[in-house]
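Below is the file entry23.cif, which contains mmCIF, C-alpha atoms.
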data_structure
#
loop_
_atom_site.label_atom_id
_atom_site.label_comp_id
_atom_site.auth_asym_id
_atom_site.auth_seq_id
_atom_site.Cartn_x
_atom_site.Cartn_y
_atom_site.Cartn_z
CA MET N 1347 -36.24 -10.60 -27.82
CA THR N 1348 -36.17 -6.82 -27.92
CA GLY N 1349 -33.21 -6.02 -30.14
CA LEU N 1350 -30.65 -8.73 -30.66
CA TYR N 1351 -29.84 -9.29 -27.04
CA THR N 1352 -31.60 -8.84 -23.75
CA GLU N 1353 -31.42 -5.19 -22.63
CA PRO N 1354 -28.60 -5.28 -20.02
CA VAL N 1355 -26.36 -7.19 -22.46
CA GLN N 1356 -27.08 -4.78 -25.30
CA ASP N 1357 -26.44 -1.80 -22.99
CA LEU N 1358 -23.08 -3.23 -22.01
CA ILE N 1359 -22.14 -3.91 -25.66
CA ASP N 1360 -23.10 -0.32 -26.53
CA GLU N 1361 -21.06 1.17 -23.69
CA LEU N 1362 -18.02 -0.98 -24.48
CA GLY N 1363 -18.30 -0.03 -28.15
CA ARG N 1364 -17.74 3.62 -27.21
CA LEU N 1365 -14.22 2.87 -25.94
CA PRO N 1366 -11.33 3.71 -28.26
CA GLY N 1367 -10.18 0.78 -30.38
CA VAL N 1368 -13.15 -1.38 -29.39
CA GLY N 1369 -15.29 -2.23 -32.42
CA PRO N 1370 -18.74 -3.88 -32.36
CA LYS N 1371 -17.26 -7.41 -32.54
CA SER N 1372 -14.79 -6.80 -29.71
CA ALA N 1373 -17.51 -5.15 -27.62
CA GLN N 1374 -19.66 -8.26 -28.03
CA ARG N 1375 -16.75 -10.52 -27.20
CA ILE N 1376 -15.87 -8.56 -24.07
CA ALA N 1377 -19.54 -8.45 -22.97
CA PHE N 1378 -19.87 -12.24 -23.22
CA HIS N 1379 -16.56 -12.63 -21.46
CA LEU N 1380 -17.87 -10.50 -18.58
CA LEU N 1381 -21.06 -12.57 -18.47
CA LYS N 1382 -18.99 -15.70 -17.99
CA VAL N 1383 -16.43 -14.53 -15.42
CA PRO N 1384 -17.14 -14.76 -11.67
CA GLU N 1385 -19.13 -11.90 -10.17
CA GLN N 1386 -16.11 -10.50 -8.26
CA ASP N 1387 -13.97 -10.21 -11.42
CA ALA N 1388 -16.58 -8.08 -13.14
CA SER N 1389 -17.17 -5.95 -10.08
CA ARG N 1390 -13.42 -5.36 -9.71
CA LEU N 1391 -13.45 -3.81 -13.19
CA ALA N 1392 -16.56 -1.73 -12.47
CA HIS N 1393 -14.97 -0.61 -9.19
CA ALA N 1394 -11.68 0.31 -10.89
CA ILE N 1395 -13.58 2.55 -13.33
CA THR N 1396 -15.50 4.25 -10.53
CA GLU N 1397 -12.38 4.67 -8.40
CA VAL N 1398 -10.31 6.20 -11.18
CA LYS N 1399 -12.98 8.86 -11.71
CA ARG N 1400 -13.38 9.46 -7.97
CA ARG N 1401 -9.71 9.61 -6.98
CA VAL N 1402 -7.81 10.73 -10.07
CA GLN N 1403 -7.84 14.20 -11.53
CA PHE N 1404 -5.54 16.24 -13.71
CA CYS N 1405 -2.79 18.34 -12.12
CA ASP N 1406 -3.75 22.04 -12.01
CA THR N 1407 -0.28 23.02 -13.22
CA CYS N 1408 0.91 20.47 -15.78
CA PHE N 1409 -2.26 18.40 -16.49
CA ASN N 1410 -0.55 15.14 -15.67
CA ILE N 1411 -2.71 12.62 -13.79
CA ALA N 1412 -2.76 13.39 -10.08
CA GLU N 1413 -4.46 12.29 -6.90
CA SER N 1414 -4.65 15.88 -5.62
CA ALA N 1415 -4.54 19.40 -7.10
CA GLN N 1416 -0.81 19.01 -7.86
CA CYS N 1417 0.80 15.90 -9.33
CA GLU N 1418 3.77 14.24 -7.65
CA LEU N 1419 6.19 15.71 -10.18
CA CYS N 1420 4.95 19.28 -9.76
CA SER N 1421 5.07 19.04 -5.97
CA ASP N 1422 8.66 17.71 -6.05
CA SER N 1423 10.77 20.76 -5.11
CA ARG N 1424 14.01 19.09 -6.23
CA ARG N 1425 13.04 19.29 -9.90
CA ASP N 1426 14.38 22.03 -12.16
CA SER N 1427 11.65 24.59 -12.88
CA SER N 1428 13.64 26.30 -15.63
CA VAL N 1429 12.95 23.55 -18.21
CA ILE N 1430 9.50 22.39 -19.31
CA CYS N 1431 9.15 19.23 -21.36
CA VAL N 1432 5.91 19.43 -23.38
CA VAL N 1433 4.27 16.06 -24.06
CA GLU N 1434 0.96 14.93 -25.55
CA GLU N 1435 -0.29 12.53 -22.88
CA PRO N 1436 0.48 11.55 -19.27
CA LYS N 1437 1.86 8.22 -20.53
CA ASP N 1438 4.59 10.13 -22.36
CA ILE N 1439 5.80 11.46 -18.99
CA VAL N 1440 6.28 7.86 -17.89
CA ALA N 1441 8.34 7.21 -21.03
CA VAL N 1442 10.55 10.27 -20.48
CA GLU N 1443 10.94 9.51 -16.76
CA ARG N 1444 12.17 6.02 -17.60
CA THR N 1445 15.15 7.52 -19.46
CA GLN N 1446 16.31 9.20 -16.22
CA GLU N 1447 17.73 11.94 -18.46
CA PHE N 1448 15.33 14.69 -17.51
CA ARG N 1449 14.92 16.39 -14.14
CA GLY N 1450 12.80 19.37 -15.19
CA ARG N 1451 9.06 19.98 -15.23
CA TYR N 1452 6.42 18.70 -17.62
CA HIS N 1453 3.40 20.07 -19.42
CA VAL N 1454 0.77 17.70 -20.80
CA LEU N 1455 -1.13 19.06 -23.81
CA GLN N 1456 -3.71 16.26 -23.53
CA GLY N 1457 -3.58 15.54 -27.23
CA ALA N 1458 -2.05 16.80 -30.47
CA ILE N 1459 -3.29 19.03 -33.25
CA ASN N 1460 -5.45 16.90 -35.55
CA PRO N 1461 -7.73 18.87 -37.90
CA ILE N 1462 -9.48 15.67 -39.11
CA GLU N 1463 -10.69 14.92 -35.58
CA GLY N 1464 -11.40 18.59 -34.96
CA ILE N 1465 -8.59 19.04 -32.45
CA GLY N 1466 -6.97 22.46 -32.69
CA PRO N 1467 -4.84 24.44 -30.19
CA ASP N 1468 -8.01 25.48 -28.30
CA GLN N 1469 -8.77 21.85 -27.45
CA LEU N 1470 -5.27 21.42 -26.02
CA ARG N 1471 -3.64 22.88 -22.90
CA VAL N 1472 -1.75 25.49 -24.95
CA ARG N 1473 -3.11 28.57 -23.19
CA GLU N 1474 -2.05 27.07 -19.84
CA LEU N 1475 1.45 26.46 -21.21
CA LEU N 1476 1.75 30.12 -22.23
CA GLU N 1477 0.67 31.18 -18.76
CA ARG N 1478 3.32 28.97 -17.18
CA ILE N 1479 6.18 30.48 -19.17
CA ARG N 1480 5.00 34.06 -18.65
CA GLY N 1481 7.36 34.68 -15.66
CA ASP N 1482 11.14 34.57 -16.07
CA VAL N 1483 11.66 31.20 -14.42
CA VAL N 1484 11.36 29.06 -17.55
CA GLN N 1485 14.47 29.16 -19.75
CA GLU N 1486 13.77 26.26 -22.12
CA VAL N 1487 10.78 24.44 -23.54
CA ILE N 1488 11.47 20.98 -24.98
CA LEU N 1489 8.84 19.97 -27.54
CA CYS N 1490 8.51 16.26 -26.87
CA THR N 1491 5.40 15.48 -28.92
CA ASN N 1492 5.33 12.27 -31.01
CA PRO N 1493 7.41 12.18 -34.22
CA ASN N 1494 4.27 11.59 -36.34
CA ILE N 1495 2.16 13.98 -38.43
CA GLU N 1496 0.03 15.27 -35.53
CA GLY N 1497 2.96 15.54 -33.12
CA GLU N 1498 5.11 17.35 -35.68
CA ALA N 1499 2.30 19.77 -36.51
CA THR N 1500 1.83 20.48 -32.82
CA ALA N 1501 5.55 21.04 -32.31
CA MET N 1502 5.71 23.39 -35.33
CA TYR N 1503 2.70 25.33 -34.05
CA LEU N 1504 4.15 25.69 -30.56
CA ALA N 1505 7.60 26.63 -31.89
CA ARG N 1506 6.08 29.51 -33.86
CA LEU N 1507 3.87 30.54 -30.95
CA LEU N 1508 6.77 30.58 -28.49
CA GLU N 1509 9.22 32.37 -30.79
CA PRO N 1510 8.28 35.94 -29.69
CA VAL N 1511 8.54 34.94 -26.02
CA GLY N 1512 12.30 34.75 -26.44
CA ILE N 1513 13.00 31.51 -24.58
CA ASN N 1514 14.95 28.55 -25.88
CA VAL N 1515 12.60 26.16 -27.73
CA THR N 1516 13.99 22.74 -28.65
CA ARG N 1517 12.65 19.63 -30.32
CA ILE N 1518 13.66 16.04 -29.51
CA ALA N 1519 15.86 14.43 -32.16
CA SER N 1520 14.49 12.15 -34.86
CA GLY N 1521 16.77 9.43 -36.15
CA LEU N 1522 17.51 5.74 -36.11
CA PRO N 1523 16.45 3.91 -32.97
CA VAL N 1524 19.35 2.62 -30.87
CA GLY N 1525 19.97 -1.04 -31.75
CA GLY N 1526 18.12 -0.54 -35.02
CA ASP N 1527 19.23 -1.77 -38.39
CA LEU N 1528 20.09 0.69 -41.17
CA ASP N 1529 18.44 -1.29 -43.97
CA TYR N 1530 15.21 -1.68 -42.01
CA ALA N 1531 14.88 2.07 -41.44
CA ASP N 1532 12.26 3.86 -43.56
CA GLU N 1533 13.59 6.62 -45.80
CA LEU N 1534 11.99 9.40 -43.74
CA THR N 1535 13.69 8.28 -40.53
CA LEU N 1536 17.01 7.77 -42.29
CA GLY N 1537 16.62 11.19 -43.92
CA ARG N 1538 16.05 12.75 -40.51
CA ALA N 1539 19.02 10.88 -39.08
CA LEU N 1540 21.26 12.29 -41.84
CA GLU N 1541 19.83 15.78 -41.48
CA GLY N 1542 20.43 15.70 -37.73
CA ARG N 1543 24.01 14.35 -37.96
CA ARG N 1544 26.52 15.54 -35.42
CA SER N 1545 30.28 15.79 -35.43
CA VAL N 1546 31.92 12.89 -33.63
CA GLU N 1547 33.67 13.84 -30.42
CA SER N 1548 36.82 11.85 -29.88
CA MET F 1268 5.36 7.22 -8.06
CA THR F 1269 4.62 3.67 -6.96
CA GLY F 1270 4.73 1.68 -10.18
CA LEU F 1271 4.46 3.60 -13.40
CA TYR F 1272 1.13 5.25 -12.68
CA THR F 1273 -0.75 6.33 -9.62
CA GLU F 1274 -2.52 3.33 -8.04
CA PRO F 1275 -6.13 3.80 -9.27
CA VAL F 1276 -4.90 4.27 -12.84
CA GLN F 1277 -2.64 1.20 -12.68
CA ASP F 1278 -5.50 -0.85 -11.18
CA LEU F 1279 -7.78 0.14 -14.03
CA ILE F 1280 -5.12 -0.66 -16.65
CA ASP F 1281 -4.60 -4.08 -15.02
CA GLU F 1282 -8.33 -4.87 -14.95
CA LEU F 1283 -8.84 -3.74 -18.56
CA GLY F 1284 -5.83 -5.83 -19.60
CA ARG F 1285 -7.62 -8.97 -18.40
CA LEU F 1286 -10.37 -8.53 -21.02
CA PRO F 1287 -10.14 -10.66 -24.16
CA GLY F 1288 -8.39 -8.92 -27.06
CA VAL F 1289 -7.24 -6.01 -24.89
CA GLY F 1290 -3.44 -5.87 -24.76
CA PRO F 1291 -1.36 -3.66 -22.43
CA LYS F 1292 -1.27 -0.78 -24.94
CA SER F 1293 -5.06 -0.83 -25.51
CA ALA F 1294 -5.69 -1.11 -21.77
CA GLN F 1295 -3.58 2.01 -21.25
CA ARG F 1296 -5.35 3.83 -24.07
CA ILE F 1297 -8.82 2.94 -22.74
CA ALA F 1298 -7.82 3.92 -19.18
CA PHE F 1299 -6.66 7.37 -20.31
CA HIS F 1300 -9.79 7.71 -22.40
CA LEU F 1301 -11.90 7.00 -19.31
CA LEU F 1302 -9.88 9.55 -17.33
CA LYS F 1303 -10.74 12.20 -19.89
CA VAL F 1304 -14.46 11.52 -20.50
CA PRO F 1305 -17.15 13.14 -18.34
CA GLU F 1306 -17.93 11.42 -15.04
CA GLN F 1307 -21.35 10.20 -16.24
CA ASP F 1308 -19.92 8.43 -19.31
CA ALA F 1309 -17.55 6.39 -17.16
CA SER F 1310 -20.22 5.61 -14.59
CA ARG F 1311 -22.61 4.45 -17.33
CA LEU F 1312 -20.01 1.84 -18.31
CA ALA F 1313 -19.39 0.79 -14.70
CA HIS F 1314 -23.16 0.57 -14.17
CA ALA F 1315 -23.67 -1.51 -17.34
CA ILE F 1316 -21.09 -4.02 -16.08
CA THR F 1317 -22.73 -4.23 -12.66
CA GLU F 1318 -26.22 -4.53 -14.15
CA VAL F 1319 -25.29 -7.30 -16.55
CA LYS F 1320 -23.97 -9.37 -13.67
CA ARG F 1321 -26.98 -8.58 -11.48
CA ARG F 1322 -29.72 -9.13 -14.04
CA VAL F 1323 -28.37 -11.57 -16.58
CA GLN F 1324 -27.76 -15.26 -15.95
CA PHE F 1325 -27.52 -18.35 -18.09
CA CYS F 1326 -30.66 -20.33 -18.92
CA ASP F 1327 -30.93 -23.49 -16.77
CA THR F 1328 -31.93 -25.53 -19.81
CA CYS F 1329 -29.97 -24.31 -22.82
CA PHE F 1330 -27.34 -21.96 -21.27
CA ASN F 1331 -28.32 -19.05 -23.46
CA ILE F 1332 -28.29 -15.66 -21.75
CA ALA F 1333 -31.48 -15.10 -19.78
CA GLU F 1334 -33.04 -12.65 -17.35
CA SER F 1335 -34.65 -15.47 -15.36
CA ALA F 1336 -34.12 -19.23 -14.87
CA GLN F 1337 -35.38 -19.94 -18.41
CA CYS F 1338 -34.46 -17.94 -21.49
CA GLU F 1339 -37.11 -16.49 -23.79
CA LEU F 1340 -36.55 -19.21 -26.37
CA CYS F 1341 -36.88 -22.09 -23.90
CA SER F 1342 -40.05 -20.63 -22.40
CA ASP F 1343 -41.63 -20.21 -25.86
CA SER F 1344 -44.07 -23.13 -26.09
CA ARG F 1345 -44.54 -22.69 -29.85
CA ARG F 1346 -41.02 -23.88 -30.62
CA ASP F 1347 -40.31 -27.44 -31.73
CA SER F 1348 -38.75 -29.45 -28.89
CA SER F 1349 -37.82 -32.37 -31.13
CA VAL F 1350 -34.83 -30.56 -32.69
CA ILE F 1351 -31.89 -29.10 -30.77
CA CYS F 1352 -29.43 -26.81 -32.50
CA VAL F 1353 -26.08 -26.96 -30.67
CA VAL F 1354 -24.04 -23.75 -30.82
CA GLU F 1355 -20.86 -22.51 -29.18
CA GLU F 1356 -22.00 -19.14 -27.81
CA PRO F 1357 -25.23 -17.19 -27.18
CA LYS F 1358 -24.30 -14.85 -30.04
CA ASP F 1359 -24.56 -17.83 -32.42
CA ILE F 1360 -28.24 -18.17 -31.46
CA VAL F 1361 -28.77 -14.60 -32.64
CA ALA F 1362 -27.12 -15.51 -35.98
CA VAL F 1363 -29.30 -18.61 -36.47
CA GLU F 1364 -32.47 -16.75 -35.40
CA ARG F 1365 -31.77 -14.10 -38.03
CA THR F 1366 -32.08 -16.75 -40.77
CA GLN F 1367 -35.70 -17.45 -39.68
CA GLU F 1368 -35.06 -21.02 -40.86
CA PHE F 1369 -35.09 -22.71 -37.50
CA ARG F 1370 -37.96 -23.04 -35.04
CA GLY F 1371 -36.52 -25.69 -32.72
CA ARG F 1372 -34.61 -25.45 -29.44
CA TYR F 1373 -31.00 -24.49 -28.78
CA HIS F 1374 -28.17 -25.69 -26.63
CA VAL F 1375 -25.20 -23.41 -25.92
CA LEU F 1376 -21.94 -25.26 -25.22
CA GLN F 1377 -20.32 -22.03 -23.94
CA GLY F 1378 -17.19 -22.65 -25.96
CA ALA F 1379 -15.53 -25.21 -28.20
CA ILE F 1380 -12.94 -27.92 -27.62
CA ASN F 1381 -9.53 -26.27 -27.62
CA PRO F 1382 -6.70 -28.35 -26.10
CA ILE F 1383 -4.21 -25.46 -26.33
CA GLU F 1384 -6.38 -23.33 -24.03
CA GLY F 1385 -7.18 -26.35 -21.85
CA ILE F 1386 -10.83 -26.52 -22.90
CA GLY F 1387 -12.10 -30.07 -23.13
CA PRO F 1388 -15.65 -31.52 -23.06
CA ASP F 1389 -15.74 -31.17 -19.25
CA GLN F 1390 -15.39 -27.38 -19.53
CA LEU F 1391 -18.35 -27.26 -21.94
CA ARG F 1392 -22.07 -27.92 -21.38
CA VAL F 1393 -21.82 -31.42 -22.91
CA ARG F 1394 -23.12 -33.37 -19.91
CA GLU F 1395 -26.19 -31.10 -19.81
CA LEU F 1396 -26.80 -31.75 -23.53
CA LEU F 1397 -26.75 -35.51 -22.95
CA GLU F 1398 -29.27 -35.09 -20.13
CA ARG F 1399 -31.57 -33.11 -22.40
CA ILE F 1400 -31.70 -35.78 -25.10
CA ARG F 1401 -32.16 -38.65 -22.62
CA GLY F 1402 -35.98 -38.73 -23.02
CA ASP F 1403 -37.62 -39.59 -26.35
CA VAL F 1404 -38.66 -36.04 -27.23
CA VAL F 1405 -35.52 -35.05 -29.14
CA GLN F 1406 -35.34 -36.56 -32.64
CA GLU F 1407 -32.49 -34.54 -34.14
CA VAL F 1408 -29.41 -32.69 -32.96
CA ILE F 1409 -27.95 -30.15 -35.40
CA LEU F 1410 -24.26 -29.51 -34.74
CA CYS F 1411 -23.99 -25.82 -35.48
CA THR F 1412 -20.49 -25.09 -34.13
CA ASN F 1413 -18.16 -22.85 -36.13
CA PRO F 1414 -16.56 -24.28 -39.29
CA ASN F 1415 -13.04 -23.77 -37.87
CA ILE F 1416 -10.61 -26.20 -36.20
CA GLU F 1417 -12.14 -25.95 -32.71
CA GLY F 1418 -15.72 -26.04 -33.96
CA GLU F 1419 -15.07 -29.02 -36.24
CA ALA F 1420 -13.31 -30.90 -33.42
CA THR F 1421 -16.26 -30.21 -31.13
CA ALA F 1422 -18.76 -31.37 -33.78
CA MET F 1423 -16.76 -34.56 -34.41
CA TYR F 1424 -16.56 -35.26 -30.69
CA LEU F 1425 -20.30 -34.74 -30.19
CA ALA F 1426 -21.18 -36.80 -33.29
CA ARG F 1427 -19.26 -39.77 -31.88
CA LEU F 1428 -20.68 -39.26 -28.41
CA LEU F 1429 -24.28 -39.12 -29.68
CA GLU F 1430 -23.96 -42.08 -32.07
CA PRO F 1431 -25.02 -44.76 -29.55
CA VAL F 1432 -28.03 -42.66 -28.48
CA GLY F 1433 -29.62 -43.46 -31.83
CA ILE F 1434 -30.97 -40.02 -32.75
CA ASN F 1435 -30.40 -38.14 -35.97
CA VAL F 1436 -27.18 -36.07 -35.71
CA THR F 1437 -26.54 -33.54 -38.47
CA ARG F 1438 -23.88 -30.95 -39.22
CA ILE F 1439 -24.46 -27.62 -40.98
CA ALA F 1440 -23.14 -27.52 -44.52
CA SER F 1441 -19.79 -25.99 -45.42
CA GLY F 1442 -19.42 -24.46 -48.86
CA LEU F 1443 -19.21 -21.24 -50.77
CA PRO F 1444 -20.94 -18.27 -49.16
CA VAL F 1445 -24.00 -17.05 -51.06
CA GLY F 1446 -22.98 -14.15 -53.29
CA GLY F 1447 -19.35 -15.29 -53.07
CA ASP F 1448 -16.93 -15.50 -55.94
CA LEU F 1449 -15.45 -18.84 -56.97
CA ASP F 1450 -11.95 -17.58 -57.57
CA TYR F 1451 -11.79 -15.84 -54.18
CA ALA F 1452 -12.75 -19.03 -52.30
CA ASP F 1453 -9.93 -20.80 -50.45
CA GLU F 1454 -9.23 -24.37 -51.54
CA LEU F 1455 -10.58 -25.88 -48.30
CA THR F 1456 -13.96 -24.19 -48.67
CA LEU F 1457 -14.16 -25.02 -52.37
CA GLY F 1458 -13.19 -28.61 -51.57
CA ARG F 1459 -16.00 -28.79 -49.02
CA ALA F 1460 -18.42 -27.27 -51.51
CA LEU F 1461 -17.54 -29.97 -54.05
CA GLU F 1462 -17.70 -32.74 -51.46
CA GLY F 1463 -21.12 -31.55 -50.32
CA ARG F 1464 -22.54 -31.19 -53.85
CA ARG F 1465 -26.22 -32.00 -54.34
CA SER F 1466 -28.24 -33.09 -57.38
CA VAL F 1467 -30.08 -30.17 -58.96
CA GLU F 1468 -33.83 -30.33 -58.58
CA SER F 1469 -35.60 -29.03 -61.64
#
structure tokens encoding of this file:
Amino acid sequence: MTGLYTEPVQDLIDELGRLPGVGPKSAQRIAFHLLKVPEQDASRLAHAITEVKRRVQFCDTCFNIAESAQCELCSDSRRDSSVICVVEEPKDIVAVERTQEFRGRYHVLQGAINPIEGIGPDQLRVRELLERIRGDVVQEVILCTNPNIEGEATAMYLARLLEPVGINVTRIASGLPVGGDLDYADELTLGRALEGRRSVES
Amino acid sequence: MTGLYTEPVQDLIDELGRLPGVGPKSAQRIAFHLLKVPEQDASRLAHAITEVKRRVQFCDTCFNIAESAQCELCSDSRRDSSVICVVEEPKDIVAVERTQEFRGRYHVLQGAINPIEGIGPDQLRVRELLERIRGDVVQEVILCTNPNIEGEATAMYLARLLEPVGINVTRIASGLPVGGDLDYADELTLGRALEGRRSVES
């Protein structure tokens, strides 16, 4: 045998191993799984990969996933163009949309600042965000990046960057999750919840 | 949007989610990764999947992976046909070959008995194993399934099944791994090591 496995199997293991979160053991497991499944199951997966690259692109305006130059949200004229919600990834748009609390526009950074992985503002869609708020349409930018180290760093960076522009820059609240239990909350979250306390309206 | 994501993206997430060890969150992560990578990276993966199904099959004799009707090991006339090493998966052959301790033939069951997942002897290549040992060429069958619940159950089942055939049926030894530390060994392994103790040759 050349290498451990016959060439097409080794190639597949190598390609699978490049996917995020797929280690060498998982890659091997998935490869053998694909060897065993019926031909049409494997080709459905191969086809789905090809199709996604052929049909899906990123929106020219907000960098959400789109099937044409503009995503469905950007082409929806009923949405409020005065508010932009800045998120890290297209999947975050889905999460915000599910709340049905937001009817404005989005901007997808396509990542977060992460010096360890070499991701700085230049690797993100920051320049494009600045261009979008250049006119006087946008009144508020909501920084909706993840409440983790990278997301917080990104939000801090953008807040400073947008300060001279003179628009309203807000950050989503950190605090206890609804339905959560006080004694299960970590001290950071509880600290944030206290810091962000509001007066009770009665 | 129909569903959460545009159709090609949702299709890809669904197909990825069918792979072993890939949950909904990982499927989503991999799909967005594939959206971001250059076209040729994604098509290399799709091509590797198609190629593996086109070029790789299972050996007619031992059910190892093969690029023709017989795998490289079965077509090697220098190997000893009197001993068959029974393993669960093709990857186990690679592990045994690495030891350079075995020069006989293999038989891949393509799984292990697992009632919870509905895998019984009929779902494995047990019938084909019986056919192989029908002649008087095979003198020994080494049960080389994993030393876990499913592998042990499979070995026990095969040992009983092969008893009336009158050939030598052996099981690989369980015990402490070489280079292991006695006080890190679990009690089951240490128990097996004691049970399988041998007289010291001096």
Check your understanding: Residues of chain F within 7 Å of chain N, using only C-alpha atoms, as a PyMOL selection string?
Key -> chain F and resi 1271+1275-1276+1278-1279+1282+1286-1287+1297+1302+1306+1309-1310+1312-1313+1315-1320+1361
Review point. Given the file above and the PyMOL selection byres ((chain N and resi 1535-1545) around 7), which residues are selected, and can you give them as a PyMOL selection string?
Key: chain N and resi 1520-1522+1531-1534+1546-1547
Point to revise | Neighbour list for Arg1399 in chain F as a ChimeraX atom specification, cut-off 12 Å, only C-alpha atoms, skip fewer than 2 positions in-chain | key: /F:1327-1330,1348-1351,1353,1372-1374,1392-1397,1401-1408,1429,1432
Practice item. In Å, rounded to a single decimal, give me how far CA of Ile1409 in chain F is from CA of Thr1366 in chain F. Key: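 Here the two named atoms are 15.0 Å from each other.
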Check your understanding: CA of Leu1425 in chain F and CA of Gly1385 in chain F, how far apart in Å?
Key ->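 Between these atoms lies a distance of 17.7 Å.
The interatomic distance for the pair CA of Ser1342 in chain F and CA of Leu1410 in chain F works out to 21.9 Å.
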